[in-house]
Each structure stands twice: as structure tokens, then as C-alpha cells.
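Structure first, then comments.
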Amino acid sequence: VKNRYVNFISVRSNVYFVLILLLGMFLRLYQFGSLPISLNQDEAFAGYEAFSLSHYGVDSAGYHYPVYFVSWGSGMNVLESYLAIPFVWLFGLSVYTIRLPQLIFGILSLPVLYLLLQEVTKNKRTALIGMGLLAICPWHIMLSRWGLESNLAPAFLLFGLYFFVKGVKKNPYFILSAIFYGLTLYAYAITWAVVPLMVAFSCLYLWWSKTKFSWKYATAFILILFVLALPLILFVLVNNRVIPEIKTDFISIPRMLVMRDSEIKLSNIFNGESYYNLLNLLIKQNDGLEHNSTEFGLFYRFSVPFIFVGMAILLLDFTRNLRKKVYNGETFLLIALVSALVVSLMLAGININRVNAVHIPLLICITLGLSRLFDYFKNTKTLVRVVAFFYAVALVFFGSYYFTRYNDDIKDNFRKGAGEAVAFVNEQGFEKVNVDTSMYYPQLLFYDQTNTLEFLETVQYNNYPAAFLSAKSFTKYTFGIDARGDYDAYIIANRDSQKWQFSEADGYTIVEFDEFAVAYRE
């Protein structure tokens with residue numbers, strides 16, 4: 001009878017696992033490519049870099065396979081673009097191909113979080129709660145659907161942590177952990193501080209708990225991580241002018257026009273404003289940026305108390321086990337949380353994507369808080385149903401907004417219609433085109449699929465050198481509307497007061513594309 005009951009529980013858990021995974025996949029796949037509408041400027045630049053490398057072997061600054069893109073002038077992370085290259089090469093440059101890496105790793109994060117929680121808590125219910133929360137989490141749903149390069153970091157940190165915890169018992173997994181931690185460094189520059197802290201504290205804990213492991217795999221872990229980090233170590237030396245740029249046909253370590261290293265400082269930890277800003281973000285779960293969050297919060301606002309309950313649980317369990325000198329896998333969850341929080345406090349400016357290393361650890365805290373709540377009450381089934389009902393209602397409200405009205409709210413920020421306007425200009429064969437400055441030049445590069453070699457030969461900037469370059473012109477395009485100029489067509493902002501300069505009475509034909517319009521004389 002006991003074996004039948006265990007088998008029944010196991011089958012039911014597997015059914016829940018599949019249902020949660022299918023729900024999570026649906027929430028990330030439904031309207032994929034068209035939600036969010038059009039392209040954010042950073043997303044467009046990441047896509048164009050992938051296009052440049054796959055077609056011409058150089059990035060937009062002319063470097064062969066750089067470890068960090070110059071892009072805007074102060075750089076961009078490379079992992080998103082490199083992962084997109086196979087899709088761009090096979091299917092062409094599009095909104096879909098640049099967003100596929102984020103979608104794939106967003107979906108994979110669901111089962112990996114389940115496996116991590118099951119490994120450290122030995123509790124399938126807790127693992128299912130965590131996976132379920134991630135599946136319906138507004139922050140993660142939004143993150144999985146667009147290609148902001150820094151948003152790959154949470155997935156790779158999660159994979160690195162899971163394989164490290166797994167490697168404690170089966171040491172060969174340390175190799176996979178090192179690979180994912182190493183790749184994380186190319187997803188987001190902030191992880192250059194997060195990963196060393198996580199690894200250092202984790203190794204210190206293994207030493208303190210006298211956990212036995214193979215020195216062969218421990219050495220392999222350190223060597224692999226060092227080899228993957230070495231190009232970025234050289235990058236820091238290059239940009240601190242210790243060594244010159246490194247340029248080869250298969251790898252480049254470029255010097256940025258402006259190095260934004262002032263955005264992260266150890267001294268910020270001793271600034272009370274840093275704590276206020278981070279706590280404010282955790283409580284409000286909204287940074288005012290429409291591409292990062294909505295009024296529903298990161299994890300739904302009513303989850304906030306459980307964040308602090310989960311933190312307390314991790315700290316109390318750690319203190320208890322520390323006193324008893326007993327190994328506990330949950331300590332690695334605390335290490336991930338503390339490492340991310342410390343680095344978040346070092347940042348000069350805080351928003352949701354800048355502190356994205358902390359969000360999955362916070363979601364784990366919510367999971368632990370809810371799990372402990374269910375353990376505390378005897379009538380667990382009723383409580384679980386009540387909590388599930390609240391989250392289901394919250395998801396319905398979020399989904400009814402996100403999948404219907406969200407695109408209208410962000411169409412200005414994401415420059416809706418820019419791609420259609422550029423496509424129309426190319427279809428008509430216009431040779432000299434004047435473009436409104438409200439269109440970011442990487443968006444124009446992306447939609448035009450400009451030949452990178454021609455771009456490098458012709459580009460002129462308004463503010464070179466700068467942290468955020470503004471293009472004046474390249475190939476057939478010139479920025480800044482000049483109605484008296486000798487142009488075949490004008491891409492103008494539909495909301496722009498300059499639109500009156502291109503009236504039909506003056507012989508212009510105006511074709512509108514949402515936020516943009518093309519004006520031209522027959």
C-alpha cells in the first residue's frame with residue numbers, strides 16, 4: 001500500500017511538472033515575435049552585430065569576433081549575438097531569430113529551477129511551487145520574449161548554480177558549472193562581480209563543511225572558468241591602457257571609446273541611498289520602464305512579504321547548520337542571493353534589468369516562504385488551493401493586459417512601424433533618404449540589413465567619440481529632417497510637428513506606418 005501511495009504521488013508530481021512546463025511555454029510562445037511590437041534599440045544592435053558577424057566576419061566597429069562589442073561606443077555584451085548567429089545564418093535576420101536565444105533559455109530555466117530546488121530541498125512540492133511561480137512570473141515572461149542582451153544572465157547563472165550543486169555529489173558536473181558560469185560573463189558585465197563572489201563563497205563553504213570532492217574535477221572547474229574569463233581579463237587590461245588592443249582574424253579584444261566602469265563602485269555599498277533604491281525596487285516591483293515591468297510587479301505585488309519570509313528562512317537555516325557544522329545544499333541558494341544583492345548595492349543606478357542577477361534568488365525566497373507556510377498549517381490542501389487561486393487570478397489580469405494592450409503602451413519606445421517604413425523605402429528603390437532622429441540608427445541598420453563593410457566606409461557620427469554614439473549618416477541615409485534637402489524620400493515621425501512640411505498640396509505622397517511615415521514626391 002505504501003509503495004502504491006508513493007507511486008501515485010510521483011505520477012501526480014510528474015503530471016503537475018508537465019502541465020506547468022506547458023503553461024510556461026505557452027505564455028512565452030504565444031504571439032512570440034510580435035509581442036513586444038517592433039525592436040528596442042539595444043535589441044536591434046545585438047541583432048545587427050549577429051548579422052554582421054555571420055555575413056562579414058566583423059562587427060559594426062570592424063573587429064573580428066570581439067569578446068565585447070564597441071557598438072554604441074561604450075560597449076555591449078556579446079553572448080546574445082553569438083547565440084543568435086546560427087539562427088540568423090539559417091533563417092535570416094528578423095525579430096524572431098534575434099529573440100530565439102532568450103526564448104530558448106527562458107523556457108529551459110523552468111525545468112532547471114525545478115531540478116535545483118529538488119536537489120537542495122529534497123521536496124518535490126517545493127520544486128513544483130518554484131517552477132510554477134517562474135512559469136507565471138510577469139518579469140520572466142517578459143524577459144523571455146525579447147532579446148535584450150543582458151537578460152541572458154539570469155538563465156546562465158541559474159544553470160551554473162544548478163550544476164555546481166549537482167557537482168557536489170557527482171563531481172563531473174563541476175565541468176558544466178564552470179562552462180555556464182564562464183559564459184555568464186559574456187551575458188552581462190555586472191556578472192564579472194557576481195560570478196567570482198558566488199564561486200568564492202561556494203568554495204569556501206565546501207571547505208568549511210569538509211565536503212569531499214575530487215581535486216581533479218575541482219582543478220578542471222577552476223581552469224575552465226579561468227580560460228573562459230581570460231579574454232575579459234585582457235579586455236579590462238586593454239581598456240585600462242595596460243596593454244594595447246588585440247586584433248586577430250578569429251578574436252579581437254577592442255578598446256571602448258568610453259569605458260563605463262564608473263557605474264559600479266565598491267563605495268556605493270556604504271551609501272544609504274543604494275539600500276533605499278534597492279529596497280524600493282523590491283517592494284514596488286516596478287522601475288517605471290515599460291520594457292522591464294508593469295503595474296502587476298515582477299512576481300505579483302502580494303508576493304512581496306514572502307520574499308522576506310524566504311530570506312529569513314535561508315538565514316535561520318544557515319545559522320542552525322553552521323552551528324551544527326552540517327552541510328546543507330540550501331546554503332548555495334543563500335550564497336546566490338547575497339552575492340547578487342551585494343553587487344546590486346554596488347551599482348550607481350538601479351533598475352530591473354541592471355539587477356537581474358537577484359530576481360531568481362528572490363523568486364526562490366518566495367517559494368521557500370510559501371512552502372514553509374504550507375508546512376505550518378494542517379489543512380494544506382485548502383491553503384494550497386487558495387494561494388493557487390490568487391496567483392491564477394493575478395495571471396489572468398496580467399495576461400489580459402499584456403497580450404492585448406501592452407503593445408499600444410510601448411509602441412513609441414519600441415518605434416513601432418520603423419521596420420515597415422524602411423522596407424517601403426527599399427522596395428521603392430529610393431537612393432537618398434532623410435531619416436528622423438527619433439529612429440535609432442541601430443534600428444535602421446537592422447531593418448535595412450546594411451552591408452557592414454559599406455557602413456564602416458561611409459558612417460559619420462555627430463558626437464564621435466562618445467559613450468552613446470549618434471550617427472549623422474551612412475550609405476544612403478542621413479539623419480535629421482531637412483525638408484529643403486535633395487532627398488528622394490523622408491522617413492518622418494508620425495507624431496512630429498515637422499510633418500506639416502510634407503503636404504500633399506506640395507506634391508508629396510505620404511504613406512503612414514504607425515509611429516513613422518514615408519514622404520516622397522512622385
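Letters A, B, ... go to the chains of the C-alpha cells in the order shown; residues in each chain start at 1; ligands are counted from 1 in the same order.
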**Message:** For Lys216 (chain A), find every residue with an atom within 12 Å (counting only C-alpha atoms), except residues of its own chain fewer than 6 positions away, and show them as a VMD selection string.
**Reply:** chain A and resid 171 to 172 174 to 175 222 to 223
Got time to write the residues from that selection, N, CA and C atoms, as a short mmCIF file (atom, residue, chain, number, x, y, z; two decimals), in the first residue's frame?
data_model
loop_
_atom_site.label_atom_id
_atom_site.label_comp_id
_atom_site.auth_asym_id
_atom_site.auth_seq_id
_atom_site.Cartn_x
_atom_site.Cartn_y
_atom_site.Cartn_z
N ASN A 171 30.91 14.85 -9.01
CA ASN A 171 31.91 15.86 -9.36
C ASN A 171 32.05 16.22 -10.83
N PRO A 172 31.80 15.30 -11.78
CA PRO A 172 31.90 15.70 -13.20
C PRO A 172 31.00 16.87 -13.59
N PHE A 174 30.82 19.56 -12.15
CA PHE A 174 31.57 20.80 -11.95
C PHE A 174 32.03 21.40 -13.29
N ILE A 175 32.29 20.53 -14.26
CA ILE A 175 32.75 21.00 -15.57
C ILE A 175 31.64 21.81 -16.25
N ILE A 222 38.23 25.17 -12.04
CA ILE A 222 38.98 26.43 -11.95
C ILE A 222 39.64 26.77 -13.28
N LEU A 223 40.21 25.77 -13.94
CA LEU A 223 40.91 26.02 -15.22
C LEU A 223 39.94 26.45 -16.31
#
Show me, as CSV, the residues of region 217-318 of chain A having an atom within 12 Å of region 350-359 of chain A, each with the closest atom pair and its distance in Å, using only C-alpha atoms.
residue,atom,partner,partner_atom,distance
A:Glu263,CA,A:Ile350,CA,9.9
A:Ile264,CA,A:Ile350,CA,10.5
A:Asn268,CA,A:Ile350,CA,11.5
A:Glu273,CA,A:Ile350,CA,10.6
A:Ser274,CA,A:Ile350,CA,8.2
A:Tyr275,CA,A:Ile350,CA,10.3
A:Tyr276,CA,A:Ile350,CA,10.5
A:Asn277,CA,A:Ile350,CA,6.9
A:Leu278,CA,A:Ile350,CA,7.0
A:Leu279,CA,A:Ile350,CA,10.5
A:Asn280,CA,A:Ile350,CA,10.1
A:Leu281,CA,A:Asn351,CA,7.6
A:Leu282,CA,A:His359,CA,9.3
A:Lys284,CA,A:Ile352,CA,11.0
A:Gln285,CA,A:Ile352,CA,8.2
A:Asn286,CA,A:Ile352,CA,7.5
A:Asp287,CA,A:Asn351,CA,5.7
A:Gly288,CA,A:Asn351,CA,8.7
A:Leu289,CA,A:Asn351,CA,8.3
A:Glu290,CA,A:Ile352,CA,10.7
A:His291,CA,A:Asn353,CA,9.5
A:Asn292,CA,A:Ile352,CA,6.2
A:Ser293,CA,A:Ile352,CA,7.7
A:Thr294,CA,A:Ile352,CA,11.2
A:Gly297,CA,A:Ile352,CA,10.6
A:Leu298,CA,A:His359,CA,8.4
A:Phe299,CA,A:His359,CA,9.1
A:Ile307,CA,A:His359,CA,10.5
**region 164-405 of chain A: residues DSSP assigns to strand (DSSP E or B), reported as JSON, numbers by chain** = {"A": [246, 247, 252, 253, 264, 347]}
Mind running region 19-83 of chain A against region 430-453 of chain A at 7 Å and telling me each contacting residue's nearest atom pair with the distance in Å (one decimal), counting only C-alpha atoms, chain and number ascending, as a Markdown table?
| residue | atom | partner | partner_atom | distance |
| --- | --- | --- | --- | --- |
| A:Gln41 | CA | A:Gln443 | CA | 5.9 |
| A:Ala44 | CA | A:Gln443 | CA | 5.3 |
| A:Phe45 | CA | A:Pro442 | CA | 5.1 |
| A:Gly47 | CA | A:Phe446 | CA | 6.7 |
| A:Tyr48 | CA | A:Phe446 | CA | 5.2 |
| A:Ser52 | CA | A:Thr452 | CA | 5.9 |
| A:Ser60 | CA | A:Thr452 | CA | 6.3 |
**Message:** Can you tell me, as an MDAnalysis selection string, which residues in region 161-372 of chain A count as alpha helix (DSSP H) by DSSP?
**Reply:** chainID A and resid 161:169 173:184 191:208 215:239 272:284 304:324 330:346 359:372
